[in-house]
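K.L.:
Sharing structure-v6.cif here; it has mmCIF, C-alpha atoms.
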data_coords
#
loop_
_atom_site.group_PDB
_atom_site.id
_atom_site.type_symbol
_atom_site.label_atom_id
_atom_site.label_comp_id
_atom_site.auth_asym_id
_atom_site.auth_seq_id
_atom_site.Cartn_x
_atom_site.Cartn_y
_atom_site.Cartn_z
ATOM 1 C CA MET A 1 -65.517 -6.512 -34.837
ATOM 2 C CA GLN A 2 -62.565 -6.453 -37.216
ATOM 3 C CA MET A 3 -58.966 -7.393 -36.533
ATOM 4 C CA ARG A 4 -55.897 -6.230 -38.383
ATOM 5 C CA GLU A 5 -53.329 -8.732 -39.530
ATOM 6 C CA ALA A 6 -49.972 -8.519 -37.821
ATOM 7 C CA GLY A 7 -47.337 -8.275 -40.521
ATOM 8 C CA GLY A 8 -49.546 -9.766 -43.210
ATOM 9 C CA PRO A 9 -49.430 -9.022 -46.893
ATOM 10 C CA GLY A 10 -50.563 -5.530 -47.642
ATOM 11 C CA PRO A 11 -51.266 -2.844 -45.062
ATOM 12 C CA GLY A 12 -54.769 -2.593 -43.703
ATOM 13 C CA ARG A 13 -55.930 -6.043 -44.765
ATOM 14 C CA VAL A 14 -58.883 -6.977 -42.573
ATOM 15 C CA ILE A 15 -59.478 -10.481 -41.213
ATOM 16 C CA ASP A 16 -62.984 -11.631 -40.421
ATOM 17 C CA PRO A 17 -62.883 -13.241 -36.932
ATOM 18 C CA GLY A 18 -65.673 -15.604 -37.989
ATOM 19 C CA GLN A 19 -63.571 -16.981 -40.838
ATOM 20 C CA ARG A 20 -62.970 -20.698 -40.533
ATOM 21 C CA VAL A 21 -59.741 -22.550 -41.052
ATOM 22 C CA GLN A 22 -59.839 -24.454 -44.312
ATOM 23 C CA VAL A 23 -58.068 -27.680 -43.357
ATOM 24 C CA LEU A 24 -58.672 -29.441 -46.660
ATOM 25 C CA ARG A 25 -57.205 -26.459 -48.506
ATOM 26 C CA ALA A 26 -54.025 -26.826 -46.457
ATOM 27 C CA TYR A 27 -53.648 -30.455 -47.574
ATOM 28 C CA LYS A 28 -54.475 -29.665 -51.190
ATOM 29 C CA CYS A 29 -51.879 -26.886 -51.224
ATOM 30 C CA LEU A 30 -49.033 -29.402 -51.279
ATOM 31 C CA PHE A 31 -50.498 -31.413 -54.154
ATOM 32 C CA ARG A 32 -51.100 -28.342 -56.342
ATOM 33 C CA GLN A 33 -47.351 -27.907 -56.713
ATOM 34 C CA PRO A 34 -45.827 -29.089 -60.004
ATOM 35 C CA ASP A 35 -43.096 -30.994 -58.120
ATOM 36 C CA TRP A 36 -45.313 -32.345 -55.340
ATOM 37 C CA ALA A 37 -44.015 -35.922 -55.712
ATOM 38 C CA ARG A 38 -40.435 -34.771 -55.111
ATOM 39 C CA THR A 39 -41.486 -32.749 -52.067
ATOM 40 C CA VAL A 40 -43.465 -35.644 -50.576
ATOM 41 C CA GLY A 41 -40.547 -37.988 -51.308
ATOM 42 C CA MET A 42 -38.116 -35.658 -49.559
ATOM 43 C CA ILE A 43 -40.439 -35.412 -46.542
ATOM 44 C CA CYS A 44 -40.651 -39.223 -46.369
ATOM 45 C CA LEU A 45 -36.861 -39.484 -46.650
ATOM 46 C CA TYR A 46 -36.271 -36.927 -43.904
ATOM 47 C CA VAL A 47 -38.665 -38.743 -41.569
ATOM 48 C CA PHE A 48 -36.340 -41.762 -41.549
ATOM 49 C CA ILE A 49 -33.162 -39.777 -40.775
ATOM 50 C CA PRO A 50 -32.821 -39.586 -36.985
ATOM 51 C CA MET A 51 -32.539 -36.082 -35.480
ATOM 52 C CA VAL A 52 -31.259 -34.386 -38.655
ATOM 53 C CA GLY A 53 -34.463 -35.227 -40.519
ATOM 54 C CA SER A 54 -36.625 -33.796 -37.765
ATOM 55 C CA ILE A 55 -34.567 -30.608 -37.691
ATOM 56 C CA ALA A 56 -34.745 -30.311 -41.495
ATOM 57 C CA LEU A 57 -38.534 -30.799 -41.496
ATOM 58 C CA GLN A 58 -38.925 -28.086 -38.875
ATOM 59 C CA GLY A 59 -36.717 -25.896 -41.054
ATOM 60 C CA TYR A 60 -38.994 -26.497 -44.039
ATOM 61 C CA ALA A 61 -42.004 -25.639 -41.886
ATOM 62 C CA VAL A 62 -40.310 -22.341 -40.964
ATOM 63 C CA ARG A 63 -39.577 -21.682 -44.650
ATOM 64 C CA VAL A 64 -43.204 -22.368 -45.629
ATOM 65 C CA LEU A 65 -44.582 -20.188 -42.819
ATOM 66 C CA ARG A 66 -42.287 -17.314 -43.765
ATOM 67 C CA HIS A 67 -43.363 -17.669 -47.389
ATOM 68 C CA LEU A 68 -47.051 -17.650 -46.477
ATOM 69 C CA VAL A 69 -46.706 -14.648 -44.155
ATOM 70 C CA ILE A 70 -44.643 -12.608 -46.611
ATOM 71 C CA THR A 71 -46.543 -13.378 -49.808
ATOM 72 C CA GLY A 72 -49.937 -14.486 -48.501
ATOM 73 C CA ASN A 73 -50.062 -16.870 -51.461
ATOM 74 C CA ASP A 74 -50.403 -20.616 -51.016
ATOM 75 C CA GLU A 75 -50.520 -21.401 -54.730
ATOM 76 C CA ARG A 76 -46.757 -21.969 -54.928
ATOM 77 C CA LEU A 77 -44.811 -23.237 -51.928
ATOM 78 C CA PRO A 78 -41.057 -22.717 -51.605
ATOM 79 C CA PRO A 79 -38.897 -25.593 -52.817
ATOM 80 C CA MET A 80 -37.646 -28.202 -50.376
ATOM 81 C CA GLU A 81 -33.967 -27.983 -51.166
ATOM 82 C CA GLY A 82 -30.784 -27.032 -49.396
ATOM 83 C CA LEU A 83 -30.417 -29.450 -46.499
ATOM 84 C CA SER A 84 -27.886 -27.272 -44.677
ATOM 85 C CA GLU A 85 -30.179 -24.235 -44.920
ATOM 86 C CA LEU A 86 -33.162 -26.280 -43.703
ATOM 87 C CA ILE A 87 -31.107 -27.488 -40.751
ATOM 88 C CA GLY A 88 -30.096 -23.905 -39.979
ATOM 89 C CA LEU A 89 -33.721 -22.769 -40.063
ATOM 90 C CA GLY A 90 -34.978 -25.743 -38.057
ATOM 91 C CA PHE A 91 -32.355 -25.833 -35.310
ATOM 92 C CA PRO A 92 -33.786 -23.029 -33.095
ATOM 93 C CA PRO A 93 -37.359 -24.442 -33.115
ATOM 94 C CA PHE A 94 -35.937 -27.928 -32.480
ATOM 95 C CA ILE A 95 -34.013 -26.740 -29.407
ATOM 96 C CA LEU A 96 -37.060 -24.841 -28.136
ATOM 97 C CA SER A 97 -39.277 -27.895 -28.566
ATOM 98 C CA MET A 98 -36.747 -30.027 -26.685
ATOM 99 C CA LEU A 99 -36.597 -27.502 -23.824
ATOM 100 C CA TRP A 100 -40.395 -27.270 -23.810
ATOM 101 C CA THR A 101 -40.802 -31.049 -23.449
ATOM 102 C CA LEU A 102 -37.950 -31.547 -20.955
ATOM 103 C CA PRO A 103 -40.148 -31.250 -17.820
ATOM 104 C CA LEU A 104 -42.626 -33.699 -19.291
ATOM 105 C CA MET A 105 -39.825 -36.153 -20.077
ATOM 106 C CA PHE A 106 -38.645 -36.003 -16.448
ATOM 107 C CA VAL A 107 -42.156 -36.758 -15.204
ATOM 108 C CA ILE A 108 -42.516 -39.677 -17.606
ATOM 109 C CA TYR A 109 -39.087 -41.091 -16.691
ATOM 110 C CA PHE A 110 -39.943 -40.797 -12.982
ATOM 111 C CA LEU A 111 -43.225 -42.659 -13.506
ATOM 112 C CA ILE A 112 -41.467 -45.397 -15.484
ATOM 113 C CA ALA A 113 -38.806 -45.756 -12.784
ATOM 114 C CA ALA A 114 -41.510 -45.930 -10.099
ATOM 115 C CA ALA A 115 -43.404 -48.580 -12.062
ATOM 116 C CA VAL A 116 -40.245 -50.648 -12.503
ATOM 117 C CA ALA A 117 -39.457 -50.353 -8.786
ATOM 118 C CA VAL A 118 -42.977 -51.461 -7.844
ATOM 119 C CA GLY A 119 -42.688 -54.375 -10.274
ATOM 120 C CA VAL A 120 -39.371 -55.475 -8.802
ATOM 121 C CA VAL A 121 -40.738 -55.316 -5.256
ATOM 122 C CA ALA A 122 -43.853 -57.236 -6.277
ATOM 123 C CA ALA A 123 -41.780 -59.882 -8.074
ATOM 124 C CA ALA A 124 -39.523 -60.253 -5.014
ATOM 125 C CA ALA A 125 -42.577 -60.662 -2.786
ATOM 126 C CA ILE A 126 -44.001 -63.355 -5.071
ATOM 127 C CA VAL A 127 -40.666 -65.231 -5.162
ATOM 128 C CA ALA A 128 -40.353 -64.964 -1.358
ATOM 129 C CA ALA A 129 -43.859 -66.358 -0.932
ATOM 130 C CA LEU A 130 -42.988 -69.461 -2.944
#
With the file now loaded, output its structure as structure tokens.
P.N.:
Amino acid sequence: MQMREAGGPGPGRVIDPGQRVQVLRAYKCLFRQPDWARTVGMICLYVFIPMVGSIALQGYAVRVLRHLVITGNDERLPPMEGLSELIGLGFPPFILSMLWTLPLMFVIYFLIAAAVAVGVVAAAAIVAAL
């Protein structure tokens, strides 16, 4: 059974469904770049910037995915520059991820509030018993 790529490079390119994901190749892709140290440094810097850094990293992920889909070449990744453009690319996925996790956050906050309430009641019962 053969599957056609959706929007991949070149019409009629066939993907073997038994083909495995090459995880190590994905990690090596970053370090094959001539300016890999700058890219890794920028990623580390963005990790420590609250909110804006996360949005910018999601923007870079969008840029890399677009590059890979359009060119099909992982030998040269797009540069990690243009903070405002990265924020613009990363804002929609950031909002979607926040909306996606919102129900889970409510469940977690409810469980924390319930645990605190049980702890307060238990502490009051212990104090009353003394």
K.L.:
For Cys29 in chain A, which residue among A:Gly53, A:Met42, A:Val62, A:Asn73 is the nearest when counting all atoms listed in the file?
P.N.:
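Of the candidates, the smallest distance to Cys29 in chain A is held by A:Asn73.
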K.L.:
Of the candidates A:Ile87, A:Ala26, A:Ala113, A:Ile108, which shows the shortest atom-to-atom distance to Met51 in chain A, using only C-alpha atoms?
P.N.:
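Once distances to Met51 in chain A are computed over only C-alpha atoms, the minimum belongs to A:Ile87.
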K.L.:
For Leu83 in chain A, find every residue with an atom within 12 Å (counting all atoms listed in the file), except residues of its own chain fewer than 2 positions away, and show them as a PyMOL selection string.
P.N.:
chain A and resi 42-43+45-46+52-60+79-81+85-91
K.L.:
Would you mind exporting C-alpha atoms of the selected residues as a PDB file, in the coordinates of the input?
P.N.:
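Writing done, so here's out.pdb:
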ATOM      1  CA  MET A  42     -38.116 -35.658 -49.559  1.00  0.00           C
ATOM      2  CA  ILE A  43     -40.439 -35.412 -46.542  1.00  0.00           C
ATOM      3  CA  LEU A  45     -36.861 -39.484 -46.650  1.00  0.00           C
ATOM      4  CA  TYR A  46     -36.271 -36.927 -43.904  1.00  0.00           C
ATOM      5  CA  VAL A  52     -31.259 -34.386 -38.655  1.00  0.00           C
ATOM      6  CA  GLY A  53     -34.463 -35.227 -40.519  1.00  0.00           C
ATOM      7  CA  SER A  54     -36.625 -33.796 -37.765  1.00  0.00           C
ATOM      8  CA  ILE A  55     -34.567 -30.608 -37.691  1.00  0.00           C
ATOM      9  CA  ALA A  56     -34.745 -30.311 -41.495  1.00  0.00           C
ATOM     10  CA  LEU A  57     -38.534 -30.799 -41.496  1.00  0.00           C
ATOM     11  CA  GLN A  58     -38.925 -28.086 -38.875  1.00  0.00           C
ATOM     12  CA  GLY A  59     -36.717 -25.896 -41.054  1.00  0.00           C
ATOM     13  CA  TYR A  60     -38.994 -26.497 -44.039  1.00  0.00           C
ATOM     14  CA  PRO A  79     -38.897 -25.593 -52.817  1.00  0.00           C
ATOM     15  CA  MET A  80     -37.646 -28.202 -50.376  1.00  0.00           C
ATOM     16  CA  GLU A  81     -33.967 -27.983 -51.166  1.00  0.00           C
ATOM     17  CA  GLU A  85     -30.179 -24.235 -44.920  1.00  0.00           C
ATOM     18  CA  LEU A  86     -33.162 -26.280 -43.703  1.00  0.00           C
ATOM     19  CA  ILE A  87     -31.107 -27.488 -40.751  1.00  0.00           C
ATOM     20  CA  GLY A  88     -30.096 -23.905 -39.979  1.00  0.00           C
ATOM     21  CA  LEU A  89     -33.721 -22.769 -40.063  1.00  0.00           C
ATOM     22  CA  GLY A  90     -34.978 -25.743 -38.057  1.00  0.00           C
ATOM     23  CA  PHE A  91     -32.355 -25.833 -35.310  1.00  0.00           C
TER      24      PHE A  91
END
K.L.:
Identify which of the residues A:Val118, A:Leu30, A:Ala61, A:Ala125 lies closest to Pro93 in chain A, counting all atoms listed in the file when measuring atom-to-atom distances.
P.N.:
A:Ala61
K.L.:
Between CA of Tyr27 in chain A and CA of Thr71 in chain A, what is the distance in Å, rounded to a tenth?
P.N.:
18.6 Å
K.L.:
A:Asp35, A:Lys28, A:Leu104, A:Gln19: which is nearest Asp74 in chain A, counting all atoms listed in the file?
P.N.:
A:Lys28
K.L.:
Please indicate the distance in Å from CA of Arg32 in chain A to CA of Val64 in chain A, rounded to one decimal place.
P.N.:
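Rounded to one decimal, the two atoms are 14.6 Å apart.
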K.L.:
Please measure the separation of CA of Trp36 in chain A and CA of Gly72 in chain A, giving the value in Å to one decimal.
P.N.:
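Computing the Euclidean distance for CA of Trp36 in chain A and CA of Gly72 in chain A yields 19.7 Å.
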K.L.:
Residues near Phe31 in chain A, anyone? I mean within 12 Å using only C-alpha atoms, not counting same-chain ones fewer than 6 positions away, as number ranges by chain.
P.N.:
A: 24-25, 37-40, 74-77
K.L.:
Will you model N, CA and C atoms for range 57-87 of chain A and pass it back as a short mmCIF file (atom, residue, chain, number, x, y, z; two decimals), keeping the file's coordinate frame?
P.N.:
data_model
loop_
_atom_site.label_atom_id
_atom_site.label_comp_id
_atom_site.auth_asym_id
_atom_site.auth_seq_id
_atom_site.Cartn_x
_atom_site.Cartn_y
_atom_site.Cartn_z
N LEU A 57 -37.09 -30.98 -41.29
CA LEU A 57 -38.53 -30.80 -41.50
C LEU A 57 -39.05 -29.57 -40.76
N GLN A 58 -38.52 -29.31 -39.57
CA GLN A 58 -38.92 -28.09 -38.88
C GLN A 58 -38.41 -26.86 -39.62
N GLY A 59 -37.24 -26.99 -40.24
CA GLY A 59 -36.72 -25.90 -41.05
C GLY A 59 -37.59 -25.63 -42.26
N TYR A 60 -38.09 -26.69 -42.89
CA TYR A 60 -38.99 -26.50 -44.04
C TYR A 60 -40.31 -25.87 -43.58
N ALA A 61 -40.78 -26.25 -42.41
CA ALA A 61 -42.00 -25.64 -41.89
C ALA A 61 -41.80 -24.14 -41.66
N VAL A 62 -40.62 -23.76 -41.15
CA VAL A 62 -40.31 -22.34 -40.96
C VAL A 62 -40.27 -21.64 -42.31
N ARG A 63 -39.65 -22.28 -43.31
CA ARG A 63 -39.58 -21.68 -44.65
C ARG A 63 -40.97 -21.48 -45.24
N VAL A 64 -41.84 -22.48 -45.10
CA VAL A 64 -43.20 -22.37 -45.63
C VAL A 64 -43.98 -21.27 -44.90
N LEU A 65 -43.87 -21.22 -43.57
CA LEU A 65 -44.58 -20.19 -42.82
C LEU A 65 -44.10 -18.79 -43.19
N ARG A 66 -42.80 -18.62 -43.34
CA ARG A 66 -42.29 -17.31 -43.76
C ARG A 66 -42.83 -16.94 -45.14
N HIS A 67 -42.86 -17.92 -46.04
CA HIS A 67 -43.36 -17.67 -47.39
C HIS A 67 -44.84 -17.25 -47.35
N LEU A 68 -45.62 -17.96 -46.55
CA LEU A 68 -47.05 -17.65 -46.48
C LEU A 68 -47.30 -16.29 -45.83
N VAL A 69 -46.52 -15.94 -44.82
CA VAL A 69 -46.71 -14.65 -44.16
C VAL A 69 -46.27 -13.50 -45.07
N ILE A 70 -45.16 -13.68 -45.76
CA ILE A 70 -44.64 -12.61 -46.61
C ILE A 70 -45.49 -12.41 -47.85
N THR A 71 -45.82 -13.51 -48.54
CA THR A 71 -46.54 -13.38 -49.81
C THR A 71 -48.06 -13.49 -49.64
N GLY A 72 -48.51 -14.26 -48.66
CA GLY A 72 -49.94 -14.49 -48.50
C GLY A 72 -50.51 -15.38 -49.58
N ASN A 73 -49.65 -16.05 -50.33
CA ASN A 73 -50.06 -16.87 -51.46
C ASN A 73 -49.69 -18.32 -51.19
N ASP A 74 -50.69 -19.20 -51.21
CA ASP A 74 -50.40 -20.62 -51.02
C ASP A 74 -50.46 -21.41 -52.32
N GLU A 75 -50.48 -20.71 -53.44
CA GLU A 75 -50.52 -21.40 -54.73
C GLU A 75 -49.18 -22.04 -55.08
N ARG A 76 -48.09 -21.45 -54.62
CA ARG A 76 -46.76 -21.97 -54.93
C ARG A 76 -45.93 -21.95 -53.65
N LEU A 77 -45.62 -23.14 -53.13
CA LEU A 77 -44.81 -23.24 -51.93
C LEU A 77 -43.33 -23.14 -52.28
N PRO A 78 -42.49 -22.76 -51.33
CA PRO A 78 -41.06 -22.72 -51.60
C PRO A 78 -40.51 -24.13 -51.80
N PRO A 79 -39.44 -24.26 -52.57
CA PRO A 79 -38.90 -25.59 -52.82
C PRO A 79 -38.26 -26.19 -51.56
N MET A 80 -38.26 -27.51 -51.51
CA MET A 80 -37.65 -28.20 -50.38
C MET A 80 -36.25 -28.63 -50.80
N GLU A 81 -35.34 -27.69 -50.77
CA GLU A 81 -33.97 -27.98 -51.17
C GLU A 81 -33.02 -27.22 -50.26
N GLY A 82 -31.78 -27.66 -50.25
CA GLY A 82 -30.78 -27.03 -49.40
C GLY A 82 -30.84 -27.58 -47.99
N LEU A 83 -30.34 -28.80 -47.81
CA LEU A 83 -30.42 -29.45 -46.50
C LEU A 83 -29.74 -28.62 -45.41
N SER A 84 -28.58 -28.05 -45.71
CA SER A 84 -27.89 -27.27 -44.68
C SER A 84 -28.69 -26.03 -44.28
N GLU A 85 -29.35 -25.39 -45.25
CA GLU A 85 -30.18 -24.24 -44.92
C GLU A 85 -31.40 -24.65 -44.11
N LEU A 86 -32.01 -25.79 -44.47
CA LEU A 86 -33.16 -26.28 -43.70
C LEU A 86 -32.77 -26.61 -42.27
N ILE A 87 -31.58 -27.18 -42.11
CA ILE A 87 -31.11 -27.49 -40.75
C ILE A 87 -30.87 -26.19 -39.97
#
